[in-house]
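To start, the structure under review is shown below, and the notes come after it.
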Amino acid sequence: MKYVDEFRDPDRARALTHEIRRLVERIARTRGGLERPLQIMEVCGGHTHSIFRYGIHQMLPPEVEFVHGPGCPVCVLPMGRVDDCVALARRPEVIFTTFGDAMRVPGSSTSLLKAKADGADVRMVYSPVDALAIARANPHREVIFFGLGFETTMPGTAMTVLQAHAGRVENFSLFCNHITIVPTIKAILDSPDLRLDGFLGPGHVSMVIGTRPYRFIAEQYRRPITVAGFEPLDVLHSVFMVLRQIAEGRSEVENQYARIVPENGNAQALSAIGQVFEPREFFEWRGLGSIEHSGVRIRDAFAAFDAERKFPVANLQLADPQACQCGEVLKGVIKPPQCKVFGTACTPDRPLGALMVSSEGACAAHYRYARIDTSALTAAAAVCPGPAPAALRVQA
Ligand code: SF4
C-alpha cells in the first residue's frame with residue numbers, strides 16, 4: 001500500500017539500525033565512552049504507540065533509550081477536570097459529547113463511562129461537528145462538547161465554535177481542556193533533573209504549528225530535535241537524524257516528516273485557533289503539575305459557547321492516587337513496568353492512572369505490546385526449529 005509499505009521495509013530498517021549503531025560508536029569514541037545511555041524523548045503519544053507496537057525500542061542499541069513524553073492529551077488530563085466533566089454530564093438538561101478514549105479516564109471516584117452507565121446522557125462523537133449536529137437536533141437540551149487535545153485537535157474545535165456562532169446555535173458549548181505543546185516542552189527542559197539528549201518532535205501538532213516554534217529548544221537549550229512521522233522507518237530515521245546532530249555537535253530543528261509538516265504550519269488552522277482561543281495563565285497537568293500558559297480558554301467574544309461560564313464548574317485540583325506513579329513515567333524517571341501497580345492494580349481494563357487509558361499512553365502501550373519477551377521465542381527457535389513454543393515469558 002502506497003505510503004505504508006515503503007515505510008515498513010525490513011531491509012531499510014536493518015540498514016538504518018546499522019547506521020544508528022555506527023553513530024553511537026562515533027559519539028562514544030568522541031566522548032571517550034558513554035557514562036549513561038543517550039536519552040531521546042518522543043514528545044507525542046502517537047510515537048510512543050508506534051515504538052511499542054513495532055518494537056522499535058528493541059531495535060536500538062542499549063546505548064539509546066526512549067523517554068516517553070507527555071504528548072498523550074488524555075493521559076495528562078487531571079482528575080479534577082474529569083470530575084468536572086462528570087458533574088456537567090450529570091446535569092439533567094445536558095447531553096455531554098466526547099471522544100471515545102476520554103470516556104474511560106478515571107476521575108476521583110468515577111469516569112464518564114460509568115456516569116453514562118448510571119444514566120447520564122454521555123455520547124461518543126468522532127468530531128466536534130458531530131456534537132454541533134446533536135445540538136441542532138436537540139434544541140431543548142444543552143449540548144456540551146469536551147474539547148481536549150493539543151494543537152492537532154484545536155483547529156477543529158475552534159472552527160466548530162465559529163460555526164455555532166455564525167449559526168446562532170445557543171444550546172451548544174465547549175468544555176475547553178485544550179493544551180499547548182511548546183510551554184510543556186519548555187517546562188520539561190527547565191526541570192532540574194533534565195537528562196535528555198534530544199527530542200523527536202510531534203508530527204501531528206507540527207502539521208498545524210510548523211517547525212519554527214521549536215527553535216528555542218535548539219538555540220537556548222542546545223538540544224537537537226527532529227520532527228518525526230509515525231511509521232517505523234520514520235521513527236528510526238528520526239532517531240538517526242537526532243544522533244547525527246549529536247555526533248556532529250549540532251543542535252538544530254530538523255524535519256523528517258516534511259511530506260506532511262510545513263515549516264510555517266497551517267495558516268487557516270492557526271487563524272481559527274487565534275480567533276477563538278487565548279492562553280490560560282496556568283493549566284494543571286496530571287503528573288506534571290501546573291504549567292504556565294500550557295492551556296487555552298475561550299475568548300470573551302465567544303463566552304456564550306464556554307461551558308465554564310455557562311454552568312458552575314468546581315475546577316478542583318485533586319492529587320492522583322498515592323500508588324500512581326504516572327508523573328515519574330511522564331518525566332522519564334521510571335519506565336512503565338517499574339511502577340508498583342503496573343499490570344496488577346493498574347491494567348487497561350481497570351486503569352488506576354491515566355497512562356493506562358489511551359492506546360497512546362506509555363503504560364497501555366507497554367502493557368499491550370512490550371510485555372512479551374521474544375528472546376524466549378528466538379532461543380527456542382534456535383534449538384528447536386518447528387512450531388513456536390506455547391509459552392512466552394510475560395514481563396510484569
Ligand atoms: S501503571 Fe498505572 S498508575 Fe502506574 S504509572 Fe502506569 S498508568 Fe500510572
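Residues are referred to by chain and number: the chain letter is A, B, ... according to the order shown in the C-alpha cells, the number counts from 1 in that chain, and ligands are numbered separately from 1 in the order shown.
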
Write out as a tab-separated table the residues of chain A that have any atom within 12 Å of an atom of ligand 1, one row each with the nearest atom pair and its distance in Å to one decimal, counting only C-alpha atoms and all ligand atoms, sorted by chain and then rising number.
residue	atom	partner	partner_atom_place_in_ligand_line	distance
A:His68	CA	ligand 1	5 (S)	11.5
A:Val74	CA	ligand 1	7 (S)	11.6
A:Cys75	CA	ligand 1	7 (S)	8.3
A:Val76	CA	ligand 1	8 (Fe)	10.6
A:Val105	CA	ligand 1	7 (S)	10.5
A:Pro106	CA	ligand 1	7 (S)	10.5
A:Arg286	CA	ligand 1	8 (Fe)	10.0
A:Gly287	CA	ligand 1	8 (Fe)	8.9
A:Asp320	CA	ligand 1	3 (S)	8.9
A:Pro321	CA	ligand 1	3 (S)	8.0
A:Gln322	CA	ligand 1	3 (S)	8.9
A:Ala323	CA	ligand 1	3 (S)	6.5
A:Cys324	CA	ligand 1	3 (S)	3.7
A:Gln325	CA	ligand 1	5 (S)	4.2
A:Cys326	CA	ligand 1	5 (S)	3.6
A:Gly327	CA	ligand 1	5 (S)	7.1
A:Glu328	CA	ligand 1	5 (S)	7.2
A:Val329	CA	ligand 1	5 (S)	5.8
A:Leu330	CA	ligand 1	5 (S)	8.2
A:Lys331	CA	ligand 1	5 (S)	10.8
A:Gly332	CA	ligand 1	5 (S)	10.8
A:Val333	CA	ligand 1	5 (S)	10.8
A:Ile334	CA	ligand 1	5 (S)	8.6
A:Lys335	CA	ligand 1	5 (S)	8.3
A:Pro336	CA	ligand 1	6 (Fe)	5.5
A:Pro337	CA	ligand 1	1 (S)	6.9
A:Gln338	CA	ligand 1	4 (Fe)	8.0
A:Cys339	CA	ligand 1	4 (Fe)	4.6
A:Lys340	CA	ligand 1	4 (Fe)	6.5
A:Val341	CA	ligand 1	1 (S)	5.3
A:Phe342	CA	ligand 1	1 (S)	3.6
A:Gly343	CA	ligand 1	1 (S)	6.6
A:Thr344	CA	ligand 1	1 (S)	8.3
A:Ala345	CA	ligand 1	2 (Fe)	7.7
A:Cys346	CA	ligand 1	2 (Fe)	4.7
A:Thr347	CA	ligand 1	2 (Fe)	6.9
A:Pro348	CA	ligand 1	7 (S)	8.7
A:Asp349	CA	ligand 1	2 (Fe)	11.1
A:Arg350	CA	ligand 1	2 (Fe)	9.3
A:Pro351	CA	ligand 1	2 (Fe)	6.2
A:Leu352	CA	ligand 1	3 (S)	5.2
A:Gly353	CA	ligand 1	7 (S)	3.7
A:Ala354	CA	ligand 1	7 (S)	5.2
A:Leu355	CA	ligand 1	7 (S)	3.9
A:Met356	CA	ligand 1	7 (S)	4.2
A:Val357	CA	ligand 1	7 (S)	7.4
A:Ser358	CA	ligand 1	7 (S)	9.7
A:Ser359	CA	ligand 1	7 (S)	11.4
A:Glu360	CA	ligand 1	7 (S)	11.4
A:Gly361	CA	ligand 1	7 (S)	7.7
A:Ala362	CA	ligand 1	6 (Fe)	7.3
A:Cys363	CA	ligand 1	6 (Fe)	4.6
A:Ala364	CA	ligand 1	7 (S)	7.3
A:Ala365	CA	ligand 1	6 (Fe)	10.1
A:His366	CA	ligand 1	6 (Fe)	9.2
A:Tyr367	CA	ligand 1	1 (S)	8.8
A:Ala396	CA	ligand 1	1 (S)	10.6

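Neighbouring residues of Phe99 (chain A) at 8 Å or closer, counting only C-alpha atoms and skipping chain neighbours under 6 positions away, are Met124, Val125, Tyr126, Ser127 and Phe146 of chain A.
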
Filtering to N, CA and C atoms, could you give me those residues as a PDB file, in the first residue's frame?
ATOM      1  N   MET A 124     -20.644   9.445  22.603  1.00  0.00           N
ATOM      2  CA  MET A 124     -19.325   9.455  21.952  1.00  0.00           C
ATOM      3  C   MET A 124     -19.464  10.057  20.551  1.00  0.00           C
ATOM      4  N   VAL A 125     -18.572  10.966  20.213  1.00  0.00           N
ATOM      5  CA  VAL A 125     -18.589  11.552  18.870  1.00  0.00           C
ATOM      6  C   VAL A 125     -17.194  11.432  18.259  1.00  0.00           C
ATOM      7  N   TYR A 126     -17.128  11.542  16.947  1.00  0.00           N
ATOM      8  CA  TYR A 126     -15.832  11.471  16.264  1.00  0.00           C
ATOM      9  C   TYR A 126     -15.261  12.846  15.972  1.00  0.00           C
ATOM     10  N   SER A 127     -16.103  13.874  16.140  1.00  0.00           N
ATOM     11  CA  SER A 127     -15.661  15.224  15.790  1.00  0.00           C
ATOM     12  C   SER A 127     -16.554  16.221  16.510  1.00  0.00           C
ATOM     13  N   PHE A 146     -16.689  18.100  24.935  1.00  0.00           N
ATOM     14  CA  PHE A 146     -15.485  18.028  25.769  1.00  0.00           C
ATOM     15  C   PHE A 146     -14.273  18.211  24.847  1.00  0.00           C
TER      16      PHE A 146
END

Could you list, as a ChimeraX atom specification, every residue within 8 Å of region 186-191 of chain A, counting only C-alpha atoms and ignoring same-chain residues fewer than 5 positions away? /A:217,221,291,331

Residues as selected, N, CA and C atoms, written as a short mmCIF file (atom, residue, chain, number, x, y, z; two decimals), in the first residue's frame, can you do that?
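Result file follows (again09.cif):
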data_model
loop_
_atom_site.label_atom_id
_atom_site.label_comp_id
_atom_site.auth_asym_id
_atom_site.auth_seq_id
_atom_site.Cartn_x
_atom_site.Cartn_y
_atom_site.Cartn_z
N ILE A 217 14.39 25.27 21.49
CA ILE A 217 14.97 24.03 22.03
C ILE A 217 16.42 23.91 21.56
N TYR A 221 18.44 25.85 24.54
CA TYR A 221 18.74 24.68 25.39
C TYR A 221 19.75 23.74 24.75
N ILE A 291 1.46 24.17 34.72
CA ILE A 291 2.45 24.70 33.77
C ILE A 291 1.91 26.00 33.17
N LYS A 331 7.98 11.98 33.32
CA LYS A 331 9.25 12.72 33.34
C LYS A 331 10.43 11.84 32.96
#

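Of the listed residues (A:Ala218, A:Ala158, A:Val261, A:Ala228), A:Ala228 comes nearest to Phe240 (chain A); the distances count only C-alpha atoms.
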
Alpha helix (DSSP H) per DSSP on the backbone: members of region 69-179 of chain A, as an MDAnalysis selection string: chainID A and resid 79:89 112:117 128:137 154:166

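The coordinates place CA of Gly167 (chain A) at 20.3 Å from CA of Phe96 (chain A).
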
Neighbour list for Arg123 (chain A) as an mmCIF file with C-alpha atoms, in the first residue's frame, cut-off 8 Å, only C-alpha atoms, skip fewer than 5 positions in-chain:
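Full text of out.cif as output:
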data_model
loop_
_atom_site.group_PDB
_atom_site.id
_atom_site.type_symbol
_atom_site.label_atom_id
_atom_site.label_comp_id
_atom_site.auth_asym_id
_atom_site.auth_seq_id
_atom_site.Cartn_x
_atom_site.Cartn_y
_atom_site.Cartn_z
ATOM 1 C CA ILE A 95 -26.083 15.963 26.546
ATOM 2 C CA PHE A 96 -22.344 15.585 27.133
ATOM 3 C CA THR A 97 -20.363 14.701 23.996
ATOM 4 C CA THR A 98 -16.791 13.439 23.951
#

Interatomic distance, CA of Thr30 (chain A) to CA of Glu42 (chain A) (Å, one decimal): 25.1 Å

Near-Ala272 (chain A) list (12 Å; only C-alpha atoms; drop same-chain fewer than 5 positions) as a PyMOL selection string: chain A and resi 151+153-163+208+266-267+277-278+298-299

Dump N, CA and C atoms for the selected residues as a compact mmCIF listing (two decimals), in the first residue's frame?
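Heads up, here's the output in result-v4.txt:
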# COMPACT_ATOMS: atom_id res chain seq x y z
N GLU A 151 -2.58 21.15 19.74
CA GLU A 151 -2.91 21.96 18.56
C GLU A 151 -3.45 21.11 17.41
N THR A 153 -6.00 18.94 17.54
CA THR A 153 -7.47 18.92 17.53
C THR A 153 -8.08 20.31 17.74
N MET A 154 -7.22 21.25 18.16
CA MET A 154 -7.73 22.59 18.47
C MET A 154 -8.40 23.29 17.27
N PRO A 155 -7.85 23.18 16.04
CA PRO A 155 -8.49 23.90 14.93
C PRO A 155 -9.92 23.41 14.68
N GLY A 156 -10.15 22.11 14.79
CA GLY A 156 -11.50 21.56 14.56
C GLY A 156 -12.47 22.11 15.58
N THR A 157 -12.03 22.20 16.84
CA THR A 157 -12.91 22.75 17.88
C THR A 157 -13.17 24.23 17.62
N ALA A 158 -12.09 24.95 17.27
CA ALA A 158 -12.24 26.40 17.03
C ALA A 158 -13.22 26.64 15.87
N MET A 159 -13.07 25.87 14.81
CA MET A 159 -13.95 26.08 13.65
C MET A 159 -15.39 25.73 14.00
N THR A 160 -15.59 24.76 14.88
CA THR A 160 -16.96 24.40 15.30
C THR A 160 -17.57 25.54 16.10
N VAL A 161 -16.78 26.16 17.00
CA VAL A 161 -17.29 27.31 17.76
C VAL A 161 -17.65 28.45 16.80
N LEU A 162 -16.80 28.66 15.79
CA LEU A 162 -17.10 29.72 14.80
C LEU A 162 -18.40 29.40 14.06
N GLN A 163 -18.59 28.12 13.73
CA GLN A 163 -19.84 27.71 13.05
C GLN A 163 -21.05 27.92 13.96
N VAL A 208 0.14 21.59 12.24
CA VAL A 208 -0.61 22.83 12.48
C VAL A 208 0.32 23.99 12.80
N ASN A 266 -0.03 25.52 9.34
CA ASN A 266 -1.24 25.68 8.53
C ASN A 266 -1.90 27.01 8.91
N ALA A 267 -1.82 27.96 7.98
CA ALA A 267 -2.26 29.34 8.29
C ALA A 267 -3.74 29.39 8.66
N PHE A 277 -9.43 31.16 20.71
CA PHE A 277 -8.77 30.85 21.99
C PHE A 277 -7.72 31.88 22.37
N GLU A 278 -7.48 31.96 23.69
CA GLU A 278 -6.36 32.74 24.21
C GLU A 278 -5.69 31.91 25.31
N ILE A 298 -11.54 30.01 26.07
CA ILE A 298 -12.31 30.68 25.02
C ILE A 298 -12.27 32.19 25.23
N ARG A 299 -12.06 32.92 24.18
CA ARG A 299 -12.02 34.39 24.27
C ARG A 299 -13.40 34.94 24.64

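Residues surrounding Arg104 (chain A) within 6 Å are Ala102, Ser111 and Leu113 of chain A [only C-alpha atoms; sequence separation below 2 positions excluded].
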
Residues of the last selection are to be written out with C-alpha atoms, as a PDB file, in the first residue's frame.
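Full text of part-v3.pdb as output:
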ATOM      1  CA  ALA A 102     -11.756  10.224  27.180  1.00  0.00           C
ATOM      2  CA  SER A 111     -15.430   8.111  34.861  1.00  0.00           C
ATOM      3  CA  LEU A 113     -18.296   5.797  31.034  1.00  0.00           C
TER       4      LEU A 113
END

Calculate how many Å separate CA of Phe230 (chain A) from CA of Thr17 (chain A), rounding to one decimal. 16.6 Å

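The closest residue to Glu252 (chain A), picked from A:Gly46, A:Gly198, A:Gly210, A:Gly295 and counting only C-alpha atoms, is A:Gly198.
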
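Distance check against Val182 (chain A) using only C-alpha atoms: of A:Ala164, A:Leu196, A:Ile209, A:Val239, the minimum falls on A:Ile209.
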
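Here the DSSP assignment of strand (DSSP E), based on backbone atoms, applies within region 177-230 of chain A to A:Asn177, A:His178, A:Gly198, A:Phe199, A:Leu200, A:Gly201, A:Ile225, A:Thr226, A:Val227.
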